[in-house]
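J.: So that you have it, the file is query_39.txt, and it contains compact mmCIF, C-alpha atoms:
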# COMPACT_ATOMS: atom_id res chain seq x y z
CA MET A 1 104.52 132.87 69.98
CA THR A 2 107.24 130.22 70.04
CA THR A 3 106.69 126.47 70.24
CA VAL A 4 107.95 126.38 73.82
CA GLU A 5 105.46 129.05 74.89
CA ARG A 6 102.60 127.17 73.22
CA LEU A 7 103.66 123.96 74.96
CA LYS A 8 103.79 125.72 78.32
CA GLU A 9 100.26 127.01 77.79
CA ARG A 10 99.06 123.47 77.14
CA SER A 11 101.26 121.66 79.67
CA GLU A 12 98.22 120.62 81.68
CA LEU A 13 97.27 118.36 78.78
CA GLY A 14 100.15 116.14 79.92
CA ILE A 15 98.42 115.67 83.26
CA SER A 16 95.23 114.82 81.38
CA VAL A 17 97.05 112.19 79.34
CA LEU A 18 98.61 110.69 82.48
CA LEU A 19 95.22 110.56 84.23
CA ALA A 20 93.61 108.91 81.21
CA ALA A 21 96.42 106.35 80.95
CA LEU A 22 96.14 105.57 84.66
CA GLY A 23 92.36 105.23 84.32
CA VAL A 24 92.72 102.81 81.41
CA LEU A 25 95.31 100.79 83.36
CA VAL A 26 93.00 100.58 86.38
CA LEU A 27 90.07 99.52 84.17
CA ILE A 28 92.13 96.84 82.45
CA ASP A 29 93.22 95.48 85.82
CA ALA A 30 89.65 95.59 87.16
CA ILE A 31 88.25 93.76 84.16
CA SER A 32 90.92 91.07 84.44
CA LEU A 33 90.06 90.32 88.09
CA PRO A 34 88.49 86.89 88.53
CA HIS A 35 84.77 86.95 89.28
CA VAL A 36 84.17 86.14 92.94
CA PRO A 37 80.55 85.55 93.94
CA THR A 38 79.65 87.41 97.12
CA GLU A 39 76.60 87.57 99.34
CA ARG A 40 76.15 91.28 98.75
CA GLY A 41 76.40 91.01 94.98
CA ILE A 42 79.29 93.48 94.76
CA GLY A 43 82.54 91.87 93.72
CA PRO A 44 86.10 93.10 94.12
CA ASP A 45 86.03 94.69 90.67
CA VAL A 46 83.41 97.36 91.41
CA VAL A 47 85.61 99.91 93.18
CA PRO A 48 88.46 99.74 90.63
CA ILE A 49 85.94 100.15 87.80
CA VAL A 50 84.46 103.23 89.48
CA VAL A 51 87.93 104.68 90.18
CA GLY A 52 89.20 103.98 86.65
CA SER A 53 86.07 105.48 85.09
CA GLY A 54 86.40 108.52 87.36
CA LEU A 55 90.02 109.01 86.32
CA ILE A 56 89.09 108.92 82.65
CA LEU A 57 86.20 111.34 83.24
CA VAL A 58 88.44 113.79 85.11
CA ALA A 59 91.08 113.49 82.35
CA ALA A 60 88.48 114.32 79.69
CA LEU A 61 87.10 117.27 81.67
CA LEU A 62 90.61 118.64 82.29
CA ALA A 63 91.54 118.29 78.60
CA ARG A 64 88.34 120.07 77.56
CA ASP A 65 89.02 122.90 79.99
CA VAL A 66 92.63 123.34 78.85
CA LEU A 67 91.68 123.27 75.17
CA ARG A 68 89.06 125.96 75.83
CA GLY A 69 91.73 128.20 77.33
CA GLY A 70 91.38 127.38 81.01
CA LYS A 71 94.51 127.60 83.13
CA GLY A 72 95.24 126.41 86.64
CA GLU A 73 96.00 129.13 89.12
CA ALA A 74 99.55 129.42 90.37
CA GLU A 75 100.07 128.50 94.01
CA GLY A 76 99.21 131.55 96.05
CA GLY A 77 100.93 130.45 99.25
CA GLU A 78 98.45 131.81 101.75
CA ASP A 79 100.61 131.50 104.82
CA ILE A 80 103.81 129.97 103.50
CA ASP A 81 106.90 131.39 101.89
CA LEU A 82 107.18 129.76 98.48
CA SER A 83 110.78 130.89 98.16
CA ALA A 84 111.83 129.00 101.32
CA PRO A 85 113.49 125.61 100.82
CA GLY A 86 111.60 122.40 101.54
CA ASP A 87 111.67 120.86 105.01
CA TRP A 88 113.70 117.75 104.20
CA ARG A 89 114.10 116.79 107.86
CA THR A 90 110.35 116.25 108.17
CA VAL A 91 110.19 114.35 104.90
CA LEU A 92 113.07 112.07 105.94
CA LEU A 93 111.58 111.46 109.40
CA LEU A 94 108.22 110.53 107.84
CA ALA A 95 109.98 108.22 105.38
CA ALA A 96 111.91 106.62 108.25
CA ALA A 97 108.67 106.00 110.19
CA PHE A 98 107.08 104.43 107.12
CA LEU A 99 110.11 102.25 106.40
CA ALA A 100 110.26 101.17 110.05
CA ASN A 101 106.64 100.06 109.72
CA VAL A 102 107.47 98.09 106.57
CA VAL A 103 110.40 96.34 108.26
CA LEU A 104 108.65 95.69 111.57
CA ILE A 105 105.19 94.58 110.41
CA GLY A 106 106.31 91.02 109.62
CA LEU A 107 108.37 90.73 112.79
CA VAL A 108 106.18 92.25 115.49
CA GLY A 109 102.79 92.54 113.77
CA PHE A 110 100.66 95.51 112.83
CA PRO A 111 99.63 96.73 116.30
CA ILE A 112 103.25 97.37 117.32
CA SER A 113 104.58 98.46 113.91
CA GLY A 114 101.54 100.70 113.44
CA THR A 115 102.28 102.30 116.80
CA VAL A 116 105.81 103.05 115.62
CA LEU A 117 104.42 104.48 112.37
CA PHE A 118 101.84 106.76 114.03
CA TRP A 119 104.20 107.88 116.79
CA GLY A 120 106.98 108.52 114.26
CA ALA A 121 104.62 110.55 112.07
CA ALA A 122 103.47 112.62 115.05
CA TYR A 123 107.10 113.27 116.05
CA ALA A 124 108.10 114.16 112.48
CA LEU A 125 105.24 116.64 112.25
CA GLY A 126 106.27 118.41 115.45
CA SER A 127 104.45 116.81 118.38
CA ARG A 128 106.77 116.35 121.37
CA ASN A 129 104.44 115.03 124.08
CA PHE A 130 106.25 111.82 125.04
CA VAL A 131 103.44 110.56 127.27
CA ARG A 132 100.37 111.26 125.17
CA ASP A 133 101.79 110.54 121.70
CA PRO A 134 102.68 106.86 122.15
CA LEU A 135 99.35 106.22 123.89
CA VAL A 136 97.37 107.85 121.08
CA ALA A 137 99.53 106.01 118.51
CA ALA A 138 98.89 102.67 120.21
CA GLY A 139 95.16 103.35 120.42
CA LEU A 140 95.00 104.39 116.79
CA SER A 141 96.98 101.32 115.76
CA LEU A 142 94.72 98.97 117.72
CA VAL A 143 91.54 100.57 116.34
CA THR A 144 92.95 100.27 112.81
CA TYR A 145 93.89 96.64 113.44
CA PHE A 146 90.42 95.72 114.72
CA VAL A 147 88.60 97.60 111.95
CA PHE A 148 90.58 95.83 109.24
CA ASN A 149 90.81 92.44 110.93
CA ASP A 150 87.33 92.09 112.42
CA LEU A 151 85.02 94.44 110.53
CA LEU A 152 86.47 94.37 107.02
CA GLY A 153 87.85 90.83 107.11
CA VAL A 154 91.31 91.92 105.96
CA SER A 155 93.73 90.04 108.15
CA LEU A 156 96.72 92.02 109.32
CA PRO A 157 99.63 90.31 111.05
CA GLY A 158 99.07 90.32 114.79
CA GLY A 159 102.60 89.38 115.76
CA PRO A 160 103.28 88.41 119.38
CA LEU A 161 100.01 90.04 120.44
CA MET A 162 98.01 87.55 118.34
CA GLY A 163 97.01 85.43 121.35
CA VAL A 164 96.31 88.48 123.52
CA LEU A 165 94.15 90.34 121.00
Would you give me this structure, written as structure tokens?
T.:
Amino acid sequence: MTTVERLKERSELGISVLLAALGVLVLIDAISLPHVPTERGIGPDVVPIVVGSGLILVAALLARDVLRGGKGEAEGGEDIDLSAPGDWRTVLLLAAAFLANVVLIGLVGFPISGTVLFWGAAYALGSRNFVRDPLVAAGLSLVTYFVFNDLLGVSLPGGPLMGVL
């Protein structure tokens, strides 16, 4: 067996190393967060510590599995043709909707830019109902805005609708 073949058999160890490095990075960032006293006793560092620890655990379990001879299954492609080229039009339309949201959020606020994002994503993924789609997108954007702004306390820019909402 050549060196290249042995490396291919153990290539999933690279994923394990990347996961472990990402977990360590997340833990370092979480530990360096300033302590903020809260009423509930759970500070902003709890979730990153759990995520970082989970990444390191998954990395260790993956490395153990690979070293014991485990291999990931190749993509079976249940109902897709793996030899067909990627759908770059959809990818580019989704990227355009996301970039439009990034550009518009500071100008018109989240409710409007979120509507553009959700409507653009629906269009990119094949929905062509020009009456229902913008209404659902606007509703989804407003619900998201209120959940973040009012329930979670994360203020999103309201834009010109700030006085109305």
J.: CA of Leu104 in chain A and CA of Trp119 in chain A are how many Å apart?
T.: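 About the pair CA of Leu104 in chain A and CA of Trp119 in chain A: they are 14.0 Å apart.
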J.: Could you name the residues that touch Val102 in chain A at 12 Å or less, counting only C-alpha atoms, but leaving out those on the same chain fewer than 3 positions away, as a PyMOL selection string?
T.: chain A and resi 95-99+105-110+112-114+116-117+157
J.: Residues at most 9 Å from Leu140 in chain A, counting all atoms listed in the file, excluding those fewer than 5 positions away in the same chain, as an MDAnalysis selection string?
T.: chainID A and resid 111 114:115 118 135 145
J.: As AutoDock Vina command-line options, what would the box around range 134-141 of chain A look like: edges along x, y and z, 3 Å added on every side, centre and edge lengths in Å to one decimal?
T.:
--center_x 98.8 --center_y 104.6 --center_z 119.8 --size_x 13.7 --size_y 12.5 --size_z 14.1
J.: Figure out the distance between CA of Ala124 in chain A and CA of Gly139 in chain A, please, to one decimal in Å.
T.: 18.6 Å
J.: Quick one: of A:Leu33, A:Val66, A:Val51, A:Leu25, who's nearest to Arg10 in chain A, counting only C-alpha atoms?
T.: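 Smallest separation from Arg10 in chain A among the options: A:Val66.
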J.: Under the rule that all atoms listed in the file are counted, which of A:Leu19, A:Gly153, A:Gly120, A:Ser127 is the nearest residue to Gly54 in chain A?
T.: A:Leu19
J.: Write out as a PyMOL selection string the residues lying within 12 Å of Leu61 in chain A, counting only C-alpha atoms and excluding same-chain residues fewer than 2 positions away.
T.: chain A and resi 12-13+15-17+19-20+54-59+63-68+70
J.: For Gly52 in chain A, which residue out of A:Gly86, A:Gly23, A:Gly159, A:Gly72 is the nearest one, using all atoms listed in the file?
T.: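 Closest to Gly52 in chain A of all the choices is A:Gly23.
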J.: Between CA of Leu62 in chain A and CA of Gly14 in chain A, what is the spacing in Å?
T.: 10.1 Å
